[in-house]
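Visitor: Sharing structure_26.cif (mmCIF, C-alpha atoms and all ligand atoms) below.
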```cif
data_run
#
loop_
_atom_site.group_PDB
_atom_site.id
_atom_site.type_symbol
_atom_site.label_atom_id
_atom_site.label_comp_id
_atom_site.auth_asym_id
_atom_site.auth_seq_id
_atom_site.Cartn_x
_atom_site.Cartn_y
_atom_site.Cartn_z
ATOM 1 C CA MET M 182 19.632 64.525 -18.401
ATOM 2 C CA LEU M 183 20.486 61.818 -15.930
ATOM 3 C CA LYS M 184 17.594 60.299 -13.991
ATOM 4 C CA ASN M 185 17.336 61.594 -10.393
ATOM 5 C CA LEU M 186 20.299 63.964 -10.696
ATOM 6 C CA ASN M 187 18.008 66.992 -10.414
ATOM 7 C CA LYS M 188 16.192 65.605 -7.404
ATOM 8 C CA ILE M 189 19.442 64.774 -5.634
ATOM 9 C CA ALA M 190 20.754 68.280 -6.381
ATOM 10 C CA LYS M 191 17.525 69.815 -5.054
ATOM 11 C CA ASP M 192 17.528 67.748 -1.869
ATOM 12 C CA THR M 193 21.215 68.452 -1.233
ATOM 13 C CA ASN M 194 20.739 72.176 -1.791
ATOM 14 C CA PHE M 195 17.679 72.197 0.462
ATOM 15 C CA PHE M 196 19.675 70.658 3.308
ATOM 16 C CA LEU M 197 22.634 72.982 2.759
ATOM 17 C CA ARG M 198 20.531 76.166 2.549
ATOM 18 C CA LYS M 199 18.796 75.308 5.801
ATOM 19 C CA TYR M 200 22.089 74.416 7.444
ATOM 20 C CA LEU M 201 23.686 77.694 6.410
ATOM 21 C CA LYS M 202 20.653 79.680 7.502
ATOM 22 C CA LYS M 203 21.026 78.277 11.014
ATOM 23 C CA GLN M 204 24.649 79.421 11.270
ATOM 24 C CA LYS M 205 25.400 82.392 13.469
ATOM 25 C CA TYR M 206 25.989 85.492 11.322
ATOM 26 C CA SER M 207 29.488 86.136 10.023
ATOM 27 C CA GLY M 208 30.909 88.318 7.289
ATOM 28 C CA LEU M 209 31.939 85.200 5.365
ATOM 29 C CA LEU M 210 28.498 83.617 5.020
ATOM 30 C CA ASN M 211 27.640 85.584 1.878
ATOM 31 C CA ALA M 212 30.732 84.353 0.060
ATOM 32 C CA MET M 213 30.162 80.804 1.338
ATOM 33 C CA ASN M 214 26.605 80.837 -0.013
ATOM 34 C CA TYR M 215 27.858 82.295 -3.268
ATOM 35 C CA GLY M 216 30.379 79.455 -3.668
ATOM 36 C CA LEU M 217 27.697 76.858 -2.958
ATOM 37 C CA PHE M 218 24.646 78.159 -4.842
ATOM 38 C CA PRO M 219 23.316 78.134 -7.450
ATOM 39 C CA GLY M 220 24.685 75.536 -9.771
ATOM 40 C CA GLY M 221 26.837 72.493 -9.425
ATOM 41 C CA LYS M 222 25.785 69.169 -10.878
ATOM 42 C CA LYS M 223 26.040 67.332 -7.529
ATOM 43 C CA ILE M 224 27.528 64.370 -9.347
ATOM 44 C CA ARG M 225 29.417 63.269 -6.221
ATOM 45 C CA SER M 226 26.162 63.080 -4.253
ATOM 46 C CA LYS M 227 24.692 61.073 -7.124
ATOM 47 C CA ILE M 228 27.501 58.514 -6.803
ATOM 48 C CA LEU M 229 26.760 58.282 -3.073
ATOM 49 C CA ILE M 230 23.083 57.613 -3.723
ATOM 50 C CA ASP M 231 23.830 55.120 -6.522
ATOM 51 C CA ALA M 232 26.232 53.151 -4.320
ATOM 52 C CA GLY M 233 23.647 53.469 -1.539
ATOM 53 C CA LYS M 234 21.217 51.520 -3.719
ATOM 54 C CA ILE M 235 23.653 48.630 -3.921
ATOM 55 C CA PHE M 236 23.936 48.537 -0.124
ATOM 56 C CA ASN M 237 20.366 49.550 0.653
ATOM 57 C CA VAL M 238 21.291 52.628 2.701
ATOM 58 C CA ASN M 239 18.761 55.275 3.796
ATOM 59 C CA TYR M 240 18.483 58.130 1.254
ATOM 60 C CA SER M 241 18.255 61.047 3.727
ATOM 61 C CA LYS M 242 21.410 59.998 5.539
ATOM 62 C CA LEU M 243 23.304 59.940 2.265
ATOM 63 C CA ILE M 244 21.963 63.378 1.319
ATOM 64 C CA ILE M 245 23.514 64.784 4.514
ATOM 65 C CA ILE M 246 26.846 63.098 3.772
ATOM 66 C CA GLY M 247 26.583 64.349 0.179
ATOM 67 C CA ALA M 248 26.047 67.872 1.524
ATOM 68 C CA ALA M 249 29.325 67.573 3.446
ATOM 69 C CA VAL M 250 31.092 66.292 0.332
ATOM 70 C CA GLU M 251 29.677 69.168 -1.737
ATOM 71 C CA CYS M 252 31.085 71.646 0.818
ATOM 72 C CA VAL M 253 34.541 70.147 0.368
ATOM 73 C CA HIS M 254 34.042 70.259 -3.396
ATOM 74 C CA ALA M 255 32.803 73.885 -3.414
ATOM 75 C CA TYR M 256 35.775 74.909 -1.281
ATOM 76 C CA SER M 257 38.146 73.205 -3.732
ATOM 77 C CA LEU M 258 36.580 75.082 -6.650
ATOM 78 C CA ILE M 259 36.807 78.486 -4.926
ATOM 79 C CA HIS M 260 40.499 77.897 -4.267
ATOM 80 C CA ASP M 261 41.084 76.314 -7.705
ATOM 81 C CA ASP M 262 39.987 79.584 -9.352
ATOM 82 C CA LEU M 263 42.260 81.860 -7.280
ATOM 83 C CA PRO M 264 44.884 83.922 -9.122
ATOM 84 C CA SER M 265 47.676 81.856 -7.554
ATOM 85 C CA MET M 266 46.075 78.660 -8.830
ATOM 86 C CA ASP M 267 44.152 78.470 -12.155
ATOM 87 C CA ASN M 268 43.273 82.173 -12.197
ATOM 88 C CA ASP M 269 39.766 81.621 -13.522
ATOM 89 C CA LEU M 270 37.255 84.426 -13.603
ATOM 90 C CA ILE M 271 34.082 82.450 -14.295
ATOM 91 C CA ARG M 272 32.611 79.534 -12.379
ATOM 92 C CA ARG M 273 29.123 78.080 -12.679
ATOM 93 C CA GLU M 274 28.129 80.798 -15.157
ATOM 94 C CA LYS M 275 29.007 83.685 -12.858
ATOM 95 C CA PRO M 276 32.094 85.559 -11.658
ATOM 96 C CA SER M 277 34.340 83.372 -9.487
ATOM 97 C CA THR M 278 34.084 83.926 -5.725
ATOM 98 C CA HIS M 279 37.348 85.912 -5.529
ATOM 99 C CA VAL M 280 36.210 88.144 -8.400
ATOM 100 C CA LYS M 281 33.020 88.944 -6.549
ATOM 101 C CA PHE M 282 34.313 89.200 -2.964
ATOM 102 C CA GLY M 283 38.085 89.655 -3.247
ATOM 103 C CA GLU M 284 40.862 87.175 -2.782
ATOM 104 C CA ALA M 285 41.170 87.160 1.004
ATOM 105 C CA THR M 286 37.432 86.641 1.514
ATOM 106 C CA ALA M 287 37.419 83.837 -1.075
ATOM 107 C CA ILE M 288 40.288 82.055 0.670
ATOM 108 C CA LEU M 289 38.561 82.328 4.041
ATOM 109 C CA ALA M 290 35.136 81.340 2.679
ATOM 110 C CA GLY M 291 36.817 78.275 1.138
ATOM 111 C CA ASN M 292 38.443 77.401 4.454
ATOM 112 C CA SER M 293 35.097 77.835 6.180
ATOM 113 C CA LEU M 294 33.307 75.503 3.751
ATOM 114 C CA LEU M 295 35.958 72.856 4.309
ATOM 115 C CA ALA M 296 35.454 73.175 8.066
ATOM 116 C CA LEU M 297 31.674 73.155 7.637
ATOM 117 C CA ALA M 298 31.872 69.741 5.971
ATOM 118 C CA PHE M 299 33.140 68.238 9.223
ATOM 119 C CA GLU M 300 30.599 70.157 11.266
ATOM 120 C CA ILE M 301 27.889 68.518 9.125
ATOM 121 C CA LEU M 302 29.368 65.018 9.422
ATOM 122 C CA SER M 303 29.642 65.301 13.194
ATOM 123 C CA ASP M 304 26.181 66.886 13.607
ATOM 124 C CA LYS M 305 23.571 64.858 15.463
ATOM 125 C CA LYS M 306 21.256 65.344 12.474
ATOM 126 C CA LEU M 307 23.311 62.607 10.860
ATOM 127 C CA ASN M 308 22.071 59.641 12.786
ATOM 128 C CA LEU M 309 24.815 57.015 12.649
ATOM 129 C CA LYS M 310 26.842 55.081 15.217
ATOM 130 C CA VAL M 311 29.721 57.124 16.653
ATOM 131 C CA LYS M 312 32.192 54.528 15.407
ATOM 132 C CA THR M 313 30.864 54.802 11.845
ATOM 133 C CA LYS M 314 30.911 58.593 11.993
ATOM 134 C CA ASN M 315 34.525 58.567 13.121
ATOM 135 C CA ILE M 316 35.480 56.463 10.123
ATOM 136 C CA LEU M 317 33.531 58.764 7.767
ATOM 137 C CA ILE M 318 35.157 61.874 9.243
ATOM 138 C CA LYS M 319 38.650 60.413 9.135
ATOM 139 C CA LYS M 320 38.248 59.231 5.550
ATOM 140 C CA LEU M 321 36.922 62.582 4.351
ATOM 141 C CA SER M 322 39.841 64.378 6.042
ATOM 142 C CA LYS M 323 42.221 62.148 4.148
ATOM 143 C CA CYS M 324 40.444 62.886 0.866
ATOM 144 C CA ALA M 325 40.644 66.641 1.374
ATOM 145 C CA GLY M 326 44.223 66.940 2.598
ATOM 146 C CA HIS M 327 47.721 66.391 1.256
ATOM 147 C CA ALA M 328 47.019 62.779 0.268
ATOM 148 C CA GLY M 329 43.928 63.882 -1.657
ATOM 149 C CA ILE M 330 42.589 67.099 -3.146
ATOM 150 C CA ALA M 331 45.199 69.500 -1.741
ATOM 151 C CA GLY M 332 48.062 67.158 -2.628
ATOM 152 C CA GLY M 333 46.661 66.581 -6.109
ATOM 153 C CA GLN M 334 46.126 70.290 -6.675
ATOM 154 C CA PHE M 335 49.719 70.899 -5.599
ATOM 155 C CA LEU M 336 50.943 68.429 -8.218
ATOM 156 C CA ASP M 337 48.594 69.876 -10.858
ATOM 157 C CA LEU M 338 50.249 73.275 -10.396
ATOM 158 C CA TYR M 339 53.768 71.893 -9.977
ATOM 159 C CA PHE M 340 53.428 69.920 -13.246
ATOM 160 C CA GLU M 341 52.480 72.987 -15.316
ATOM 161 C CA LYS M 342 54.684 73.467 -18.394
ATOM 162 C CA LYS M 343 56.634 70.268 -17.669
ATOM 163 C CA ASN M 344 56.854 66.929 -19.466
ATOM 164 C CA ILE M 345 55.165 64.568 -17.081
ATOM 165 C CA PRO M 346 54.886 60.811 -17.714
ATOM 166 C CA PHE M 347 51.527 59.022 -17.952
ATOM 167 C CA LYS M 348 51.598 57.362 -14.522
ATOM 168 C CA LYS M 349 52.317 60.630 -12.734
ATOM 169 C CA ILE M 350 49.480 62.447 -14.512
ATOM 170 C CA VAL M 351 47.032 59.682 -13.624
ATOM 171 C CA ASN M 352 48.249 59.663 -10.017
ATOM 172 C CA MET M 353 47.787 63.454 -9.787
ATOM 173 C CA GLN M 354 44.251 63.214 -11.190
ATOM 174 C CA LEU M 355 43.370 60.356 -8.851
ATOM 175 C CA LYS M 356 44.413 62.568 -5.940
ATOM 176 C CA LYS M 357 42.788 65.837 -6.937
ATOM 177 C CA THR M 358 39.513 64.332 -8.178
ATOM 178 C CA GLY M 359 39.460 60.549 -7.830
ATOM 179 C CA LYS M 360 39.769 60.318 -4.052
ATOM 180 C CA LEU M 361 36.584 62.230 -3.296
ATOM 181 C CA PHE M 362 34.634 60.082 -5.762
ATOM 182 C CA GLY M 363 36.194 57.016 -4.115
ATOM 183 C CA TYR M 364 34.935 58.292 -0.792
ATOM 184 C CA CYS M 365 31.401 58.664 -2.127
ATOM 185 C CA SER M 366 31.229 55.202 -3.589
ATOM 186 C CA SER M 367 32.623 53.539 -0.448
ATOM 187 C CA VAL M 368 30.497 55.361 2.167
ATOM 188 C CA PRO M 369 27.475 53.008 1.872
ATOM 189 C CA ALA M 370 29.747 49.960 2.335
ATOM 190 C CA ILE M 371 31.239 51.624 5.425
ATOM 191 C CA ILE M 372 27.788 52.395 6.854
ATOM 192 C CA LYS M 373 26.740 48.786 6.335
ATOM 193 C CA ASN M 374 29.837 47.552 8.140
ATOM 194 C CA SER M 375 31.086 45.674 5.090
ATOM 195 C CA SER M 376 34.403 43.876 4.982
ATOM 196 C CA GLU M 377 37.593 45.874 4.467
ATOM 197 C CA LYS M 378 37.933 44.129 1.117
ATOM 198 C CA LYS M 379 34.547 45.306 -0.097
ATOM 199 C CA ILE M 380 35.092 48.855 1.156
ATOM 200 C CA ASN M 381 38.431 48.990 -0.653
ATOM 201 C CA ALA M 382 36.878 47.565 -3.805
ATOM 202 C CA PHE M 383 34.236 50.303 -3.843
ATOM 203 C CA GLU M 384 36.820 52.949 -3.088
ATOM 204 C CA ALA M 385 38.821 51.779 -6.101
ATOM 205 C CA ILE M 386 35.746 51.800 -8.354
ATOM 206 C CA GLY M 387 34.919 55.352 -7.221
ATOM 207 C CA SER M 388 38.490 56.550 -7.747
ATOM 208 C CA ASP M 389 38.387 55.289 -11.315
ATOM 209 C CA ILE M 390 35.025 57.017 -11.846
ATOM 210 C CA GLY M 391 36.625 60.232 -10.548
ATOM 211 C CA LEU M 392 39.579 59.750 -12.885
ATOM 212 C CA LEU M 393 37.141 59.305 -15.774
ATOM 213 C CA PHE M 394 35.285 62.436 -14.647
ATOM 214 C CA GLN M 395 38.504 64.499 -14.622
ATOM 215 C CA ILE M 396 39.574 63.192 -18.035
ATOM 216 C CA VAL M 397 36.172 64.162 -19.432
ATOM 217 C CA ASP M 398 36.504 67.595 -17.793
ATOM 218 C CA ASP M 399 39.839 67.919 -19.598
ATOM 219 C CA LEU M 400 38.247 66.828 -22.907
ATOM 220 C CA ILE M 401 35.509 69.424 -22.382
ATOM 221 C CA ASP M 402 38.115 72.079 -21.629
ATOM 222 C CA TYR M 403 39.865 71.179 -24.890
ATOM 223 C CA LYS M 404 36.841 71.234 -27.174
ATOM 224 C CA GLY M 405 33.918 72.617 -25.202
ATOM 225 C CA ASP M 406 32.029 75.861 -25.562
ATOM 226 C CA SER M 407 32.400 78.217 -22.565
ATOM 227 C CA LYS M 408 28.742 79.220 -22.728
ATOM 228 C CA LYS M 409 27.506 75.654 -22.457
ATOM 229 C CA VAL M 410 30.021 74.616 -19.821
ATOM 230 C CA GLY M 411 29.530 77.602 -17.510
ATOM 231 C CA LYS M 412 33.269 78.131 -17.089
ATOM 232 C CA LYS M 413 36.028 79.243 -19.391
ATOM 233 C CA THR M 414 37.315 76.513 -21.717
ATOM 234 C CA LYS M 415 40.630 76.063 -23.538
ATOM 235 C CA LYS M 416 42.431 77.100 -20.371
ATOM 236 C CA ASP M 417 44.478 73.956 -19.807
ATOM 237 C CA ILE M 418 46.639 74.471 -22.901
ATOM 238 C CA LYS M 419 47.127 78.129 -22.027
ATOM 239 C CA LEU M 420 48.300 77.249 -18.532
ATOM 240 C CA GLY M 421 50.431 74.346 -19.793
ATOM 241 C CA LYS M 422 48.548 71.824 -17.647
ATOM 242 C CA ALA M 423 49.841 68.270 -17.701
ATOM 243 C CA THR M 424 46.818 66.257 -18.841
ATOM 244 C CA LEU M 425 46.418 63.040 -20.786
ATOM 245 C CA ILE M 426 45.473 65.255 -23.740
ATOM 246 C CA SER M 427 48.737 67.207 -23.533
ATOM 247 C CA LEU M 428 50.648 63.911 -23.373
ATOM 248 C CA LEU M 429 48.732 61.635 -25.778
ATOM 249 C CA GLY M 430 46.583 63.978 -27.829
ATOM 250 C CA TYR M 431 42.793 64.252 -27.945
ATOM 251 C CA LYS M 432 41.983 61.050 -29.854
ATOM 252 C CA LYS M 433 44.135 58.735 -27.764
ATOM 253 C CA THR M 434 42.677 60.268 -24.612
ATOM 254 C CA VAL M 435 39.163 59.494 -25.844
ATOM 255 C CA ILE M 436 40.258 55.903 -26.501
ATOM 256 C CA TYR M 437 41.759 55.696 -23.001
ATOM 257 C CA SER M 438 38.547 56.990 -21.438
ATOM 258 C CA GLU M 439 36.553 54.369 -23.366
ATOM 259 C CA LYS M 440 38.853 51.646 -22.064
ATOM 260 C CA LEU M 441 38.556 53.008 -18.543
ATOM 261 C CA ILE M 442 34.763 52.944 -18.626
ATOM 262 C CA ILE M 443 34.798 49.285 -19.719
ATOM 263 C CA LYS M 444 37.120 48.468 -16.808
ATOM 264 C CA ILE M 445 34.747 50.215 -14.363
ATOM 265 C CA GLN M 446 31.602 48.623 -15.809
ATOM 266 C CA LYS M 447 33.184 45.170 -15.530
ATOM 267 C CA LYS M 448 33.883 45.733 -11.856
ATOM 268 C CA ILE M 449 30.324 46.759 -11.027
ATOM 269 C CA MET M 450 28.629 44.160 -13.224
ATOM 270 C CA LYS M 451 28.583 41.564 -10.472
ATOM 271 C CA TYR M 452 26.215 43.706 -8.406
ATOM 272 C CA GLY M 453 23.502 43.107 -10.981
ATOM 273 C CA LYS M 454 20.263 45.067 -11.014
ATOM 274 C CA GLN M 455 21.125 47.138 -7.951
ATOM 275 C CA SER M 456 24.071 48.691 -9.783
ATOM 276 C CA LYS M 457 21.895 49.932 -12.665
ATOM 277 C CA ASP M 458 21.863 53.562 -11.488
ATOM 278 C CA LEU M 459 25.618 53.616 -10.945
ATOM 279 C CA LYS M 460 26.093 52.226 -14.415
ATOM 280 C CA GLU M 461 23.876 54.942 -15.886
ATOM 281 C CA THR M 462 25.792 57.641 -14.024
ATOM 282 C CA ILE M 463 29.102 56.382 -15.401
ATOM 283 C CA ASN M 464 27.700 56.388 -18.946
ATOM 284 C CA TYR M 465 26.420 59.923 -18.357
ATOM 285 C CA ILE M 466 29.899 61.044 -17.252
ATOM 286 C CA LEU M 467 31.477 59.809 -20.475
ATOM 287 C CA SER M 468 28.626 61.162 -22.620
ATOM 288 C CA ARG M 469 29.297 64.684 -21.305
ATOM 289 C CA ALA M 470 32.424 64.735 -23.449
ATOM 290 C CA ASN M 471 30.283 64.696 -26.599
ATOM 291 C CA GLU M 472 27.257 66.652 -25.432
ATOM 292 C CA GLN M 473 29.190 69.677 -24.258
ATOM 293 C CA LEU M 474 31.010 70.166 -27.529
HETATM 294 C C1 LIG O 1 34.673 70.509 -11.569
HETATM 295 O O1 LIG O 1 33.792 69.673 -10.905
HETATM 296 C C2 LIG O 1 36.048 70.258 -11.102
HETATM 297 C C3 LIG O 1 36.554 68.930 -11.390
HETATM 298 C C4 LIG O 1 36.906 68.096 -10.462
HETATM 299 C C5 LIG O 1 36.722 68.488 -12.754
HETATM 300 P P1 LIG O 1 32.247 69.584 -11.305
HETATM 301 O O2 LIG O 1 32.123 69.510 -12.778
HETATM 302 O O3 LIG O 1 31.615 68.504 -10.514
HETATM 303 O O4 LIG O 1 31.702 71.006 -10.819
HETATM 304 P P2 LIG O 1 30.226 71.465 -10.525
HETATM 305 O O5 LIG O 1 29.999 71.185 -9.066
HETATM 306 O O6 LIG O 1 29.273 70.689 -11.390
HETATM 307 O O7 LIG O 1 30.208 72.935 -10.806
HETATM 308 C C1 LIG O 2 39.941 70.955 -10.495
HETATM 309 O O1 LIG O 2 40.312 70.599 -11.767
HETATM 310 C C2 LIG O 2 39.995 69.810 -9.612
HETATM 311 C C3 LIG O 2 39.665 70.148 -8.222
HETATM 312 C C4 LIG O 2 39.930 69.275 -7.313
HETATM 313 C C5 LIG O 2 39.073 71.410 -7.819
HETATM 314 P P1 LIG O 2 40.179 71.725 -12.887
HETATM 315 O O2 LIG O 2 41.060 72.875 -12.577
HETATM 316 O O3 LIG O 2 40.324 71.094 -14.222
HETATM 317 O O4 LIG O 2 38.653 72.156 -12.674
HETATM 318 P P2 LIG O 2 37.937 73.292 -13.512
HETATM 319 O O5 LIG O 2 38.052 72.896 -14.958
HETATM 320 O O6 LIG O 2 38.600 74.575 -13.191
HETATM 321 O O7 LIG O 2 36.522 73.206 -13.032
HETATM 322 MG MG MG O 3 42.798 73.241 -11.489
HETATM 323 MG MG MG O 4 40.532 75.002 -12.756
HETATM 324 MG MG MG O 5 39.119 71.570 -15.930
#
```
Before anything else, please render the file you have as structure tokens.
Guide:
Amino acid sequence: MLKNLNKIAKDTNFFLRKYLKKQKYSGLLNAMNYGLFPGGKKIRSKILIDAGKIFNVNYSKLIIIGAAVECVHAYSLIHDDLPSMDNDLIRREKPSTHVKFGEATAILAGNSLLALAFEILSDKKLNLKVKTKNILIKKLSKCAGHAGIAGGQFLDLYFEKKNIPFKKIVNMQLKKTGKLFGYCSSVPAIIKNSSEKKINAFEAIGSDIGLLFQIVDDLIDYKGDSKKVGKKTKKDIKLGKATLISLLGYKKTVIYSEKLIIKIQKKIMKYGKQSKDLKETINYILSRANEQL
């Protein structure tokens, strides 16, 4: 198990539970809670904290931002499992949100979690300069919308059962998964008012980590055991998903992911000791491909 991942997950969940408890009652809260808890590795929050170490950013602030990111992520999973998308019945070792609450409620609970992310970022509990907050809110909107998750998910579905070239698959995966990771790794640089160049560099590193994460998720889907993974595996082939595995085969995809990790490690090497945790997280991401088999 990766050092600190459990603690980060616990702290993020603690914040989110409290935040949801303070919400005025609505019929959607149950489904929202169900989509958020329990489970979820909180790997995106981990990237935030790891990058935060490089920039020396306050832990509690990053936990709040991570909570917002996890709301966006949980929303994307609820919608990803819908019958009109991947039609998955199991998520995080339990029936998917739409199986439990019905499709309409799942759609609306997903929408509500997406909205909640921005409520959290704009909350006064997150003590940052207004200018910084505006940047964080704008960037997260871009990651969630048509240029990010939603746009990537659209392509993922549009590409089903088609022959899609390498570049287009990578671009789709960067949008649906990479962007949000890129956000997480660049947030500390934004908070510390770093140069545009540095912010962009960290965004690019994060996007590549997200791409690696998605490729490993695809490898796990191909070879993994449903019981261990907590969601149904061997679904991508069935749905005709365009993945690097469907294009290159399993072995060549493993080789590509090994090349990608070297590229990422090279980029973070110059940050020395402070990038140790980030380095460990990246190694953990790749190691999941073997451990989950
Ligand atoms: C699953 O994400 C969806 C992908 C982007 C591959 P995670 O594997 O981070 O899901 P949880 O939060 O741990 O359940
Ligand atoms: C989902 O990718 C990516 C998202 C942005 C939600 P997948 O469809 O491969 O995720 P799983 O395997 O269902 O978790
Ligand atoms: Mg999907
Ligand atoms: Mg899916
Ligand atoms: Mg998958």
Visitor: Between M:Leu467, M:Leu263, M:Ile350, M:Ile288, which has the minimum distance to ligand MG 3 (chain O) (counting all atoms listed in the file)?
Guide: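 Once distances to ligand MG 3 (chain O) are computed over all atoms listed in the file, the minimum belongs to M:Leu263.
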Visitor: Mind running chain M against ligand MG 5 (chain O) at 8 Å and telling me each contacting residue's nearest atom pair with the distance in Å (one decimal), counting only C-alpha atoms and all ligand atoms, chain and number ascending, as a tab-separated table?
Guide:
```
residue	atom	partner	partner_atom	distance
M:Gln395	CA	O:MG5	MG	7.2
M:Asp398	CA	O:MG5	MG	5.1
M:Asp399	CA	O:MG5	MG	5.2
M:Ile401	CA	O:MG5	MG	7.7
M:Asp402	CA	O:MG5	MG	5.8
M:Thr414	CA	O:MG5	MG	7.8
M:Lys416	CA	O:MG5	MG	7.8
M:Asp417	CA	O:MG5	MG	7.0
```
Visitor: Can those selected residues be exported to a file as a PDB file, keeping the file's coordinate frame so that it contains C-alpha atoms?
Guide:
```
ATOM      1  CA  GLN M 395      38.504  64.499 -14.622  1.00  0.00           C
ATOM      2  CA  ASP M 398      36.504  67.595 -17.793  1.00  0.00           C
ATOM      3  CA  ASP M 399      39.839  67.919 -19.598  1.00  0.00           C
ATOM      4  CA  ILE M 401      35.509  69.424 -22.382  1.00  0.00           C
ATOM      5  CA  ASP M 402      38.115  72.079 -21.629  1.00  0.00           C
ATOM      6  CA  THR M 414      37.315  76.513 -21.717  1.00  0.00           C
ATOM      7  CA  LYS M 416      42.431  77.100 -20.371  1.00  0.00           C
ATOM      8  CA  ASP M 417      44.478  73.956 -19.807  1.00  0.00           C
TER       9      ASP M 417
END
```
Visitor: Using the chain letters and numbers from the file, which residues does the PyMOL selection byres (((not hetatm)) within 6 of (chain O and resi 2)) grab, as a list in words?
Guide: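 After applying the PyMOL selection byres (((not hetatm)) within 6 of (chain O and resi 2)), what remains is Ser257, Leu258, Asp261, Ile330, Lys357 and Thr358 of chain M.
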Visitor: Which residues are close to Ile371 in chain M, i.e. within 8 Å by only C-alpha atoms, leaving aside same-chain residues fewer than 6 positions away? Reply as a VMD selection string.
Guide: chain M and resid 313 316 to 317 380
Visitor: Name the closest residue to ligand MG 4 (chain O) among the candidates M:Lys379, M:Lys408, M:Lys203, M:His260; distances are taken between atoms, counting only C-alpha atoms and all ligand atoms.
Guide: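 Of all the options, M:His260 lies closest to ligand MG 4 (chain O).
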Visitor: Neighbours of ligand LIG 1 (chain O) within 9 Å, counting all atoms listed in the file, as a ChimeraX atom specification?
Guide: /M:217,220-225,251,254-255,257-258,261,272-273,354,357-359,391,394-399,410-412
Visitor: Sorted by chain and rising residue number, list the residues of chain M at most 7 Å from ligand MG 4 (chain O) (counting only C-alpha atoms and all ligand atoms), each with its closest atom pair and distance in Å to one decimal, as a Markdown table.
Guide:
```
| residue | atom | partner | partner_atom | distance |
| --- | --- | --- | --- | --- |
| M:Asp261 | CA | O:MG4 | MG | 5.2 |
| M:Asp262 | CA | O:MG4 | MG | 5.7 |
| M:Asp267 | CA | O:MG4 | MG | 5.0 |
| M:Asp269 | CA | O:MG4 | MG | 6.7 |
```
